[in-house]
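So this block is entry15.tsv, TSV, C-alpha atoms:
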chain	number	residue	atom	x	y	z
A	19	MET	CA	178.60	279.18	-6.41
A	20	LEU	CA	180.68	277.68	-9.24
A	21	LEU	CA	178.09	278.73	-11.82
A	22	PHE	CA	177.91	282.25	-10.36
A	23	ALA	CA	181.71	282.63	-10.48
A	24	ARG	CA	182.08	281.30	-14.02
A	25	LEU	CA	179.19	283.28	-15.43
A	26	THR	CA	180.34	286.48	-13.73
A	27	LEU	CA	183.90	286.14	-15.06
A	28	LEU	CA	182.68	285.44	-18.59
A	29	LEU	CA	180.25	288.35	-18.41
A	30	ILE	CA	183.05	290.71	-17.35
A	31	VAL	CA	185.11	289.63	-20.35
A	32	ALA	CA	182.13	289.96	-22.69
A	33	VAL	CA	181.27	293.45	-21.47
A	34	LEU	CA	184.71	294.96	-20.92
A	35	GLY	CA	186.84	292.98	-23.37
A	36	PRO	CA	187.63	294.87	-26.60
A	37	THR	CA	185.82	293.66	-29.71
A	38	ALA	CA	187.40	293.08	-33.08
A	39	GLY	CA	187.93	295.93	-35.49
A	40	ARG	CA	185.47	296.65	-38.27
A	41	ASP	CA	187.70	295.67	-41.19
A	42	ALA	CA	187.48	292.00	-42.12
A	43	THR	CA	191.18	291.38	-42.67
A	44	THR	CA	192.51	292.63	-39.33
A	45	SER	CA	193.48	289.90	-36.88
A	46	ALA	CA	193.14	290.27	-33.14
A	47	SER	CA	195.13	293.17	-31.79
A	48	THR	CA	197.41	292.96	-28.76
A	49	GLU	CA	194.66	294.53	-26.66
A	50	GLN	CA	192.17	291.91	-27.81
A	51	LEU	CA	194.59	289.08	-27.11
A	52	LEU	CA	195.29	290.32	-23.58
A	53	PHE	CA	191.80	291.35	-22.50
A	54	ARG	CA	189.47	289.10	-24.51
A	55	VAL	CA	191.14	286.03	-26.01
A	56	LEU	CA	193.46	285.22	-23.10
A	57	PRO	CA	190.81	285.60	-20.34
A	58	ILE	CA	188.41	283.28	-22.18
A	59	LEU	CA	191.16	280.69	-22.57
A	60	ILE	CA	192.12	280.97	-18.89
A	61	ILE	CA	188.50	280.61	-17.73
A	62	ALA	CA	187.86	277.67	-20.07
A	63	THR	CA	191.13	275.77	-19.47
A	64	PRO	CA	190.12	274.05	-16.16
A	65	THR	CA	186.88	272.86	-17.73
A	66	VAL	CA	188.60	271.61	-20.89
A	67	MET	CA	191.25	269.80	-18.84
A	68	SER	CA	188.68	268.14	-16.59
A	69	VAL	CA	186.64	267.03	-19.62
A	70	LEU	CA	189.71	265.59	-21.35
A	71	ALA	CA	190.81	263.86	-18.14
A	72	GLY	CA	187.36	262.36	-17.67
A	73	ALA	CA	186.91	264.11	-14.33
A	74	ALA	CA	183.97	266.25	-15.40
A	75	ASP	CA	180.39	265.11	-15.68
A	76	VAL	CA	179.89	265.14	-19.45
A	77	LYS	CA	176.18	264.27	-19.43
A	78	MET	CA	175.19	267.89	-19.93
A	79	LEU	CA	177.75	268.20	-22.75
A	80	THR	CA	175.91	265.51	-24.70
A	81	SER	CA	172.45	266.99	-24.07
A	82	ARG	CA	170.47	268.28	-26.99
A	83	PRO	CA	171.15	272.03	-26.47
A	84	ALA	CA	174.88	271.35	-26.24
A	85	ILE	CA	174.81	269.35	-29.47
A	86	TYR	CA	172.87	272.14	-31.17
A	87	TRP	CA	175.39	274.75	-30.06
A	88	TRP	CA	178.47	272.67	-30.93
A	89	GLY	CA	176.95	272.04	-34.36
A	90	PHE	CA	176.28	275.73	-34.94
A	91	CYS	CA	179.86	276.76	-34.02
A	92	THR	CA	181.39	273.94	-36.08
A	93	LEU	CA	179.36	274.69	-39.21
A	94	ALA	CA	180.20	278.40	-38.90
A	95	ALA	CA	183.91	277.59	-38.71
A	96	VAL	CA	183.76	275.10	-41.61
A	97	GLY	CA	181.70	277.43	-43.80
A	98	GLY	CA	183.92	280.43	-43.11
A	99	THR	CA	187.07	278.39	-43.77
A	100	ALA	CA	185.71	276.98	-47.05
A	101	LEU	CA	184.73	280.47	-48.15
A	102	GLY	CA	188.34	281.57	-47.68
A	103	ARG	CA	187.44	285.22	-47.42
A	104	TYR	CA	188.81	285.87	-43.94
A	105	PRO	CA	192.01	284.86	-42.15
A	106	LEU	CA	191.81	281.30	-40.85
A	107	GLU	CA	192.74	282.32	-37.30
A	108	PHE	CA	189.93	284.89	-37.26
A	109	THR	CA	187.32	282.36	-38.44
A	110	ALA	CA	188.51	279.72	-35.97
A	111	TRP	CA	188.66	282.06	-33.02
A	112	LYS	CA	185.21	283.60	-33.50
A	113	SER	CA	183.71	280.09	-33.39
A	114	ALA	CA	185.84	279.12	-30.38
A	115	GLU	CA	184.78	282.36	-28.69
A	116	LEU	CA	181.25	280.96	-28.53
A	117	PHE	CA	182.17	277.29	-28.15
A	118	LEU	CA	184.47	277.56	-25.11
A	119	PRO	CA	182.21	279.73	-22.88
A	120	MET	CA	179.27	277.42	-23.57
A	121	LEU	CA	181.43	274.46	-22.57
A	122	VAL	CA	182.15	276.20	-19.26
A	123	ILE	CA	178.50	277.12	-18.69
A	124	ALA	CA	177.11	273.68	-19.61
A	125	THR	CA	179.37	271.84	-17.17
A	126	ALA	CA	178.56	274.31	-14.38
A	127	VAL	CA	174.81	274.09	-15.02
A	128	GLY	CA	175.01	270.31	-14.77
A	129	ARG	CA	175.86	270.64	-11.07
A	130	CYS	CA	172.87	272.83	-10.20
A	131	THR	CA	169.13	272.43	-9.96
A	132	PHE	CA	166.96	274.31	-12.41
A	133	ALA	CA	165.80	276.74	-9.69
A	134	GLN	CA	169.41	277.44	-8.71
A	135	VAL	CA	170.36	278.27	-12.29
A	136	GLU	CA	167.37	280.60	-12.71
A	137	ARG	CA	168.14	282.35	-9.44
A	138	THR	CA	171.84	282.70	-10.31
A	139	VAL	CA	171.09	284.21	-13.70
A	140	PHE	CA	168.65	286.64	-12.08
A	141	ARG	CA	171.21	287.77	-9.49
A	142	ILE	CA	174.00	288.21	-12.01
A	143	LEU	CA	171.70	290.13	-14.35
A	144	GLN	CA	170.69	292.36	-11.45
A	145	LEU	CA	174.34	293.02	-10.59
A	146	TYR	CA	175.03	293.80	-14.24
A	147	LEU	CA	172.22	296.34	-14.51
A	148	VAL	CA	173.05	297.93	-11.16
A	149	THR	CA	176.66	298.37	-12.35
A	150	ILE	CA	175.45	300.08	-15.52
A	151	SER	CA	173.16	302.36	-13.49
A	152	LEU	CA	175.89	303.30	-11.02
A	153	GLY	CA	178.33	303.85	-13.87
A	154	ALA	CA	175.92	306.27	-15.53
A	155	ILE	CA	175.46	308.17	-12.27
A	156	ALA	CA	179.19	308.30	-11.48
A	157	ARG	CA	180.09	309.28	-15.02
A	158	PRO	CA	177.58	311.80	-16.36
A	159	SER	CA	179.35	311.86	-19.71
A	160	SER	CA	178.01	308.35	-20.27
A	161	ILE	CA	174.51	309.78	-20.59
A	162	ARG	CA	173.93	311.83	-23.69
A	163	ALA	CA	170.96	313.60	-25.20
A	164	LEU	CA	169.43	312.04	-28.26
A	165	GLY	CA	166.80	314.14	-29.93
A	166	GLY	CA	165.30	315.36	-26.67
A	167	PHE	CA	165.48	311.94	-25.03
A	168	PHE	CA	168.33	310.16	-23.27
A	169	ARG	CA	170.13	306.90	-23.70
A	170	LEU	CA	173.06	305.21	-22.02
A	171	ASP	CA	176.19	305.53	-24.11
A	172	SER	CA	178.72	302.73	-24.52
A	173	GLN	CA	181.39	304.11	-22.22
A	174	PHE	CA	180.89	302.51	-18.79
A	175	PRO	CA	180.45	299.67	-19.26
A	176	PRO	CA	180.38	299.39	-23.07
A	177	VAL	CA	176.86	298.29	-23.91
A	178	THR	CA	174.74	299.23	-26.90
A	179	PRO	CA	171.22	300.57	-26.33
A	180	ASN	CA	169.44	297.58	-27.88
A	181	LYS	CA	171.45	295.02	-25.89
A	182	LEU	CA	170.83	297.05	-22.74
A	183	ALA	CA	167.09	297.14	-23.44
A	184	ILE	CA	167.00	293.38	-24.03
A	185	ALA	CA	168.91	292.70	-20.79
A	186	ALA	CA	166.60	295.00	-18.84
A	187	GLY	CA	163.57	293.33	-20.48
A	188	ILE	CA	164.77	289.86	-19.47
A	189	TYR	CA	165.35	291.08	-15.93
A	190	LEU	CA	161.92	292.69	-15.82
A	191	ILE	CA	160.21	289.46	-16.91
A	192	LEU	CA	162.09	287.41	-14.32
A	193	LEU	CA	161.41	290.02	-11.62
A	194	VAL	CA	157.66	290.38	-12.18
A	195	GLY	CA	157.17	286.63	-12.21
A	196	ARG	CA	158.98	286.04	-8.91
A	197	PRO	CA	156.66	285.45	-5.91
A	198	ASN	CA	157.32	287.30	-2.65
A	199	GLU	CA	160.05	289.41	-4.21
A	200	ARG	CA	160.47	292.98	-3.03
A	201	ARG	CA	160.28	294.76	-6.35
A	202	SER	CA	160.24	298.50	-5.53
A	203	TRP	CA	163.68	299.79	-6.60
A	204	ARG	CA	164.32	296.81	-8.87
A	205	LEU	CA	161.19	297.51	-10.85
A	206	VAL	CA	162.04	301.20	-11.14
A	207	MET	CA	165.57	300.38	-12.30
A	208	ALA	CA	164.45	297.89	-14.95
A	209	VAL	CA	161.72	300.12	-16.40
A	210	THR	CA	164.04	303.15	-16.35
A	211	LEU	CA	166.78	301.31	-18.25
A	212	VAL	CA	164.30	300.05	-20.85
A	213	VAL	CA	163.09	303.62	-21.39
A	214	LEU	CA	166.54	305.24	-21.37
A	215	ALA	CA	167.92	302.71	-23.82
A	216	LEU	CA	165.31	304.04	-26.26
A	217	SER	CA	165.14	300.83	-28.27
A	218	ARG	CA	161.82	301.21	-30.04
A	219	SER	CA	161.77	297.58	-31.18
A	220	VAL	CA	162.35	296.11	-27.71
A	221	PHE	CA	159.95	298.57	-26.08
A	222	GLY	CA	157.26	297.69	-28.64
A	223	ILE	CA	157.71	293.94	-28.08
A	224	LEU	CA	157.46	294.37	-24.30
A	225	LEU	CA	154.38	296.58	-24.61
A	226	LEU	CA	152.47	294.45	-27.10
A	227	GLY	CA	153.50	291.22	-25.39
A	228	ALA	CA	152.76	292.47	-21.88
A	229	PRO	CA	149.81	290.07	-21.36
A	230	PHE	CA	152.14	287.13	-21.94
A	231	PHE	CA	155.32	288.44	-20.35
A	232	PHE	CA	153.97	289.96	-17.14
A	233	ALA	CA	150.49	288.66	-16.34
A	234	HIS	CA	149.83	285.62	-14.21
A	235	LYS	CA	149.00	282.66	-16.45
A	236	ASP	CA	145.48	282.49	-15.01
A	237	SER	CA	144.75	286.15	-15.73
A	238	ARG	CA	146.37	286.70	-19.12
A	239	ARG	CA	143.09	287.03	-20.99
A	240	SER	CA	141.81	289.83	-18.77
A	241	PHE	CA	145.28	291.40	-18.71
A	242	SER	CA	145.30	291.36	-22.51
A	243	SER	CA	142.10	293.40	-22.62
A	244	LEU	CA	143.51	295.77	-20.02
A	245	SER	CA	146.71	296.14	-22.00
A	246	ILE	CA	144.81	297.04	-25.18
A	247	ALA	CA	142.72	299.57	-23.26
A	248	LEU	CA	145.81	301.14	-21.69
A	249	LEU	CA	147.56	301.28	-25.07
A	250	ALA	CA	144.59	302.97	-26.70
A	251	GLY	CA	144.16	305.33	-23.75
A	252	THR	CA	147.84	306.27	-23.74
A	253	ALA	CA	147.77	306.94	-27.48
A	254	GLY	CA	144.72	309.16	-27.04
A	255	ILE	CA	146.29	311.12	-24.20
A	256	LEU	CA	149.67	311.60	-25.87
A	257	GLY	CA	148.26	312.53	-29.24
A	258	ILE	CA	149.74	312.05	-32.67
A	259	ASN	CA	152.50	314.63	-32.19
A	260	ALA	CA	153.89	312.98	-29.06
A	261	ILE	CA	153.76	309.54	-30.67
A	262	THR	CA	155.56	310.86	-33.75
A	263	THR	CA	158.20	312.38	-31.48
A	264	ILE	CA	158.82	308.99	-29.86
A	265	ILE	CA	159.01	307.16	-33.19
A	266	THR	CA	161.40	309.72	-34.68
A	267	LYS	CA	163.37	310.04	-31.42
A	268	GLY	CA	162.55	313.72	-31.21
A	269	GLY	CA	163.32	314.33	-34.87
A	270	ALA	CA	166.76	312.76	-34.69
A	271	VAL	CA	165.88	310.27	-37.45
A	272	ASP	CA	164.43	310.95	-40.87
A	273	GLU	CA	161.58	309.39	-42.83
A	274	GLU	CA	163.85	306.91	-44.63
A	275	ASN	CA	165.10	305.65	-41.28
A	276	ILE	CA	161.53	305.02	-40.11
A	277	ILE	CA	160.36	303.37	-43.34
A	278	THR	CA	163.34	301.00	-43.39
A	279	ILE	CA	163.06	300.39	-39.60
A	280	SER	CA	166.40	302.11	-38.93
A	281	GLY	CA	167.91	300.57	-42.05
A	282	ARG	CA	166.93	297.04	-41.06
A	283	THR	CA	164.95	296.13	-44.17
A	284	ILE	CA	167.87	297.10	-46.42
A	285	LYS	CA	170.30	295.09	-44.31
A	286	TRP	CA	167.95	292.11	-44.19
A	287	GLU	CA	167.68	292.14	-47.97
A	288	THR	CA	171.47	292.22	-48.31
A	289	ALA	CA	171.84	289.47	-45.71
A	290	ILE	CA	169.40	287.20	-47.55
A	291	LYS	CA	171.28	287.79	-50.81
A	292	SER	CA	174.55	286.92	-49.06
A	293	ILE	CA	173.04	283.72	-47.64
A	294	VAL	CA	171.81	282.70	-51.10
A	295	GLU	CA	175.22	283.54	-52.57
A	296	TRP	CA	177.02	281.29	-50.04
A	297	PRO	CA	174.54	279.10	-48.09
A	298	PHE	CA	177.25	277.27	-46.12
A	299	GLY	CA	178.08	280.04	-43.67
A	300	TRP	CA	180.35	283.08	-43.79
A	301	GLY	CA	181.69	282.48	-40.28
A	302	ILE	CA	180.65	284.10	-37.02
A	303	ASN	CA	181.07	287.89	-37.16
A	304	GLY	CA	182.13	287.46	-40.76
A	305	ALA	CA	180.15	288.84	-43.65
A	306	PHE	CA	178.78	291.98	-42.06
A	307	ARG	CA	182.27	293.24	-41.26
A	308	ASP	CA	182.89	294.45	-44.79
A	309	VAL	CA	179.71	293.66	-46.73
A	310	PHE	CA	177.40	295.73	-44.57
A	311	ILE	CA	179.44	298.57	-43.12
A	312	PRO	CA	180.58	300.38	-46.30
A	313	GLU	CA	177.15	300.00	-47.88
A	314	PHE	CA	175.29	301.43	-44.92
A	315	SER	CA	177.71	304.16	-43.91
A	316	ARG	CA	175.79	306.64	-46.02
A	317	GLY	CA	172.99	308.83	-44.82
A	318	ARG	CA	171.95	310.30	-41.53
A	319	GLY	CA	171.17	308.08	-38.59
A	320	ALA	CA	172.64	304.93	-40.14
A	321	ILE	CA	173.17	302.06	-37.71
A	322	LEU	CA	176.33	300.18	-38.60
A	323	GLY	CA	178.05	296.96	-37.80
A	324	ASN	CA	175.42	294.21	-37.86
A	325	VAL	CA	172.33	292.90	-39.61
A	326	HIS	CA	170.02	293.85	-36.74
A	327	SER	CA	168.52	290.38	-36.72
A	328	SER	CA	170.11	287.56	-34.75
A	329	VAL	CA	168.05	285.08	-36.76
A	330	LEU	CA	169.51	286.28	-40.07
A	331	GLU	CA	172.96	286.59	-38.49
A	332	SER	CA	172.82	282.94	-37.47
A	333	PHE	CA	172.02	281.85	-41.04
A	334	LEU	CA	174.64	284.24	-42.36
A	335	ALA	CA	177.25	282.88	-39.92
A	336	ALA	CA	176.61	279.14	-40.16
A	337	GLY	CA	174.58	278.66	-43.34
A	338	LEU	CA	171.11	277.24	-43.85
A	339	ILE	CA	171.70	274.15	-41.74
A	340	GLY	CA	173.63	276.00	-39.02
A	341	GLY	CA	171.00	278.73	-38.78
A	342	THR	CA	168.28	276.13	-38.36
A	343	ILE	CA	170.30	274.47	-35.59
A	344	TRP	CA	170.71	277.84	-33.87
A	345	LEU	CA	166.94	278.33	-33.93
A	346	LEU	CA	166.40	274.85	-32.49
A	347	PHE	CA	168.69	275.71	-29.58
A	348	TRP	CA	166.23	278.40	-28.46
A	349	LEU	CA	162.99	276.79	-29.64
A	350	HIS	CA	163.30	273.23	-28.40
A	351	PRO	CA	163.17	273.99	-24.64
A	352	LEU	CA	159.75	275.59	-25.05
A	353	ARG	CA	158.18	272.19	-25.79
A	354	HIS	CA	160.72	269.58	-24.79
A	355	ALA	CA	162.10	270.65	-21.43
A	356	SER	CA	162.31	267.76	-18.97
A	357	PRO	CA	159.09	267.03	-16.99
A	358	GLU	CA	160.88	267.78	-13.72
A	359	VAL	CA	161.81	271.24	-15.00
A	360	LYS	CA	158.32	271.97	-16.32
A	361	ALA	CA	156.95	271.24	-12.85
A	362	ASP	CA	159.23	273.90	-11.33
A	363	PRO	CA	157.47	277.27	-10.80
A	364	ALA	CA	160.53	279.02	-12.22
A	365	PHE	CA	160.00	277.39	-15.62
A	366	ASP	CA	157.08	279.68	-16.46
A	367	ARG	CA	159.36	282.72	-16.02
A	368	VAL	CA	162.13	281.16	-18.09
A	369	ARG	CA	159.68	280.19	-20.84
A	370	ARG	CA	158.55	283.81	-21.11
A	371	VAL	CA	162.18	284.95	-21.27
A	372	LEU	CA	162.97	282.53	-24.10
A	373	VAL	CA	159.95	283.74	-26.08
A	374	PHE	CA	161.10	287.34	-25.53
A	375	VAL	CA	164.63	286.43	-26.69
A	376	LEU	CA	163.28	284.81	-29.85
A	377	LEU	CA	161.03	287.75	-30.69
A	378	THR	CA	163.79	290.31	-30.21
A	379	SER	CA	166.16	288.09	-32.22
A	380	PHE	CA	164.09	288.74	-35.33
A	381	VAL	CA	164.57	292.52	-35.17
A	382	ASP	CA	167.75	292.99	-33.12
A	383	SER	CA	171.22	291.50	-32.90
A	384	GLY	CA	173.20	290.25	-29.94
A	385	HIS	CA	172.35	286.56	-29.62
A	386	VAL	CA	174.89	285.21	-32.10
A	387	LEU	CA	178.08	286.90	-30.91
A	388	PHE	CA	179.83	286.47	-27.56
A	389	SER	CA	177.86	288.81	-25.30
A	390	ALA	CA	176.33	289.13	-21.83
A	391	ASN	CA	172.82	288.33	-23.04
A	392	VAL	CA	173.94	285.15	-24.81
A	393	LEU	CA	175.85	283.90	-21.77
A	394	LEU	CA	172.98	284.42	-19.33
A	395	THR	CA	170.11	283.18	-21.48
A	396	SER	CA	172.05	280.14	-22.71
A	397	ALA	CA	172.49	279.05	-19.09
A	398	LEU	CA	168.69	279.02	-18.80
A	399	VAL	CA	168.43	276.91	-21.98
A	400	PHE	CA	170.92	274.34	-20.70
A	401	ALA	CA	169.08	274.21	-17.38
A	402	THR	CA	165.78	273.24	-19.04
A	403	TYR	CA	167.37	269.96	-20.11
A	404	ARG	CA	168.62	269.05	-16.70
A	405	ARG	CA	167.72	265.45	-15.81
A	406	PRO	CA	167.45	263.94	-12.30
A	407	ASP	CA	170.48	261.72	-12.96
A	408	ILE	CA	172.69	264.78	-13.53
A	409	SER	CA	174.25	265.70	-10.22
Now that the file is in, can you turn its structure into structure tokens?
Amino acid sequence: MLLFARLTLLLIVAVLGPTAGRDATTSASTEQLLFRVLPILIIATPTVMSVLAGAADVKMLTSRPAIYWWGFCTLAAVGGTALGRYPLEFTAWKSAELFLPMLVIATAVGRCTFAQVERTVFRILQLYLVTISLGAIARPSSIRALGGFFRLDSQFPPVTPNKLAIAAGIYLILLVGRPNERRSWRLVMAVTLVVLALSRSVFGILLLGAPFFFAHKDSRRSFSSLSIALLAGTAGILGINAITTIITKGGAVDEENIITISGRTIKWETAIKSIVEWPFGWGINGAFRDVFIPEFSRGRGAILGNVHSSVLESFLAAGLIGGTIWLLFWLHPLRHASPEVKADPAFDRVRRVLVFVLLTSFVDSGHVLFSANVLLTSALVFATYRRPDIS
């Protein structure tokens, strides 16, 4: 119950709290202080006080994922401060914005079993997606046409299409892998949101990885053959024109957008140059605030505001060492989860989710900044390290 309450409160702040402005020199506005900074501090204060007073169980705080995450946030803050390009309070807060919520989540996870954490994340994610669906129905203006297709706009609640598709994909993986779960409307909701979000990268990863993400582990080989047959059959039925329409979003994007993967390759090149220029970290949410936005504001269909690769964003934020630590946070549980956790049937679902998160992190953003997806999936990571002596 404690984990559910803390995660839900943090998710509300992440989804509804205003984000920082796009110019690098602007500090937090009054609206940000009231509805983002202050709520995080209020939620984190009891945990911080209990840790300082020695009343909290700190075993989870010294576990390997916690050390990885603390290291990533610290290196991002140190690198951004040494760079001196952004206001000190901005650099410090963006690191604390990831550090404090993880402190809250780690201590709450330490009081739950692995199965309880997985079930809690699933329920909160379901509530989140249901809220988005109801918001779209209640507010038709939040659904807009996009080249003959539809996607959920960022009005109620504010969520970008790619982040929505990733959240729906995580939910879909957890749902399909759950035994004796009534899936009917849940399955329809998840698939519908993936389609409406119109994230070609996420959709492609889910489709090509279907044998791993959705098939029972004993039937993945046969499911792989079936998946290839269905893919080929679908392509044959739709025809080249229909496939082109999907790729170009009904003609809403031009050839340059497709060749550069919606501008990703250009941004990745710039990000790599920035990392080489300053390999110690630009600070979380730092470099791409003014390096990327003016450069990519040209042209039709430009996607602004981030590098569109959480992996590159992590190296950009915390440097070469910090980016490696960020990767270890997500990679290590796949091989080194505790034996007790690996024996839990829920671990197979969580392992698939972590693989999905890593794959999408190469081509989409959202797992470096304070967001709903980071909060929920990080709870699963912390849970994989839970030991029997943590109560």
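Atom CA of Leu224 of chain A is found 20.7 Å from atom CA of Ser151 of chain A.
Minimum atom-to-atom distance to His354 of chain A, evaluated using all atoms listed in the file, belongs to A:Arg369 out of A:Arg141, A:Arg24, A:Arg369, A:Pro229.
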Box time for segment 111-116 of chain A: axis-aligned, enclosing all its listed atoms, 4 Å extra on each side; report centre and edge lengths in Å to one decimal, as AutoDock Vina command-line options.
--center_x 185.0 --center_y 281.4 --center_z -31.0 --size_x 15.4 --size_y 12.5 --size_z 13.0
Would you mind listing what lies within 9 Å of Arg367 of chain A as an NGL selection string, with all atoms listed in the file counted and same-chain residues fewer than 4 positions away left out? :A and (136 or 191-196 or 231 or 363 or 371-372)
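Rounded to one decimal, atom CA of Leu145 of chain A and atom CA of Ser328 of chain A lie 25.1 Å from each other.
Distances from A:Ala186, A:Leu101, A:Leu70, A:Ala361 to Glu295 of chain A were compared using all atoms listed in the file, and the smallest one belongs to A:Leu101.
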Neighbour list for segment 109-120 of chain A as a PyMOL selection string, cut-off 10 Å, all atoms listed in the file, skip fewer than 5 positions in-chain: chain A and resi 24-25+28-29+38+45-46+54-55+58-59+61-63+65-66+79+84+87-99+102-104+125-126+300-304+335-336+386-389+392-393+396-397+400
Given the selection you just returned, output its residues as a file containing C-alpha atoms, formatted as an mmCIF file, keeping the file's coordinate frame.
data_model
loop_
_atom_site.group_PDB
_atom_site.id
_atom_site.type_symbol
_atom_site.label_atom_id
_atom_site.label_comp_id
_atom_site.auth_asym_id
_atom_site.auth_seq_id
_atom_site.Cartn_x
_atom_site.Cartn_y
_atom_site.Cartn_z
ATOM 1 C CA ARG A 24 182.080 281.300 -14.020
ATOM 2 C CA LEU A 25 179.190 283.280 -15.430
ATOM 3 C CA LEU A 28 182.680 285.440 -18.590
ATOM 4 C CA LEU A 29 180.250 288.350 -18.410
ATOM 5 C CA ALA A 38 187.400 293.080 -33.080
ATOM 6 C CA SER A 45 193.480 289.900 -36.880
ATOM 7 C CA ALA A 46 193.140 290.270 -33.140
ATOM 8 C CA ARG A 54 189.470 289.100 -24.510
ATOM 9 C CA VAL A 55 191.140 286.030 -26.010
ATOM 10 C CA ILE A 58 188.410 283.280 -22.180
ATOM 11 C CA LEU A 59 191.160 280.690 -22.570
ATOM 12 C CA ILE A 61 188.500 280.610 -17.730
ATOM 13 C CA ALA A 62 187.860 277.670 -20.070
ATOM 14 C CA THR A 63 191.130 275.770 -19.470
ATOM 15 C CA THR A 65 186.880 272.860 -17.730
ATOM 16 C CA VAL A 66 188.600 271.610 -20.890
ATOM 17 C CA LEU A 79 177.750 268.200 -22.750
ATOM 18 C CA ALA A 84 174.880 271.350 -26.240
ATOM 19 C CA TRP A 87 175.390 274.750 -30.060
ATOM 20 C CA TRP A 88 178.470 272.670 -30.930
ATOM 21 C CA GLY A 89 176.950 272.040 -34.360
ATOM 22 C CA PHE A 90 176.280 275.730 -34.940
ATOM 23 C CA CYS A 91 179.860 276.760 -34.020
ATOM 24 C CA THR A 92 181.390 273.940 -36.080
ATOM 25 C CA LEU A 93 179.360 274.690 -39.210
ATOM 26 C CA ALA A 94 180.200 278.400 -38.900
ATOM 27 C CA ALA A 95 183.910 277.590 -38.710
ATOM 28 C CA VAL A 96 183.760 275.100 -41.610
ATOM 29 C CA GLY A 97 181.700 277.430 -43.800
ATOM 30 C CA GLY A 98 183.920 280.430 -43.110
ATOM 31 C CA THR A 99 187.070 278.390 -43.770
ATOM 32 C CA GLY A 102 188.340 281.570 -47.680
ATOM 33 C CA ARG A 103 187.440 285.220 -47.420
ATOM 34 C CA TYR A 104 188.810 285.870 -43.940
ATOM 35 C CA THR A 125 179.370 271.840 -17.170
ATOM 36 C CA ALA A 126 178.560 274.310 -14.380
ATOM 37 C CA TRP A 300 180.350 283.080 -43.790
ATOM 38 C CA GLY A 301 181.690 282.480 -40.280
ATOM 39 C CA ILE A 302 180.650 284.100 -37.020
ATOM 40 C CA ASN A 303 181.070 287.890 -37.160
ATOM 41 C CA GLY A 304 182.130 287.460 -40.760
ATOM 42 C CA ALA A 335 177.250 282.880 -39.920
ATOM 43 C CA ALA A 336 176.610 279.140 -40.160
ATOM 44 C CA VAL A 386 174.890 285.210 -32.100
ATOM 45 C CA LEU A 387 178.080 286.900 -30.910
ATOM 46 C CA PHE A 388 179.830 286.470 -27.560
ATOM 47 C CA SER A 389 177.860 288.810 -25.300
ATOM 48 C CA VAL A 392 173.940 285.150 -24.810
ATOM 49 C CA LEU A 393 175.850 283.900 -21.770
ATOM 50 C CA SER A 396 172.050 280.140 -22.710
ATOM 51 C CA ALA A 397 172.490 279.050 -19.090
ATOM 52 C CA PHE A 400 170.920 274.340 -20.700
#
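Atom CA of Val31 of chain A to atom CA of Leu56 of chain A spans 9.8 Å [interatomic distance, one decimal].
Distance annotation: of A:Ala364, A:Met19, A:Leu352, A:Ala208, the residue with the minimal separation from Tyr403 of chain A is A:Leu352; atom set is only C-alpha atoms.
Distance check against Phe347 of chain A using all atoms listed in the file: of A:Val220, A:Leu51, A:Leu334, A:Leu398, the minimum falls on A:Leu398.
Among the candidates A:Thr26, A:Ser383, A:Ser356, A:Thr288, the one nearest to Ile123 of chain A when counting all atoms listed in the file is A:Thr26.
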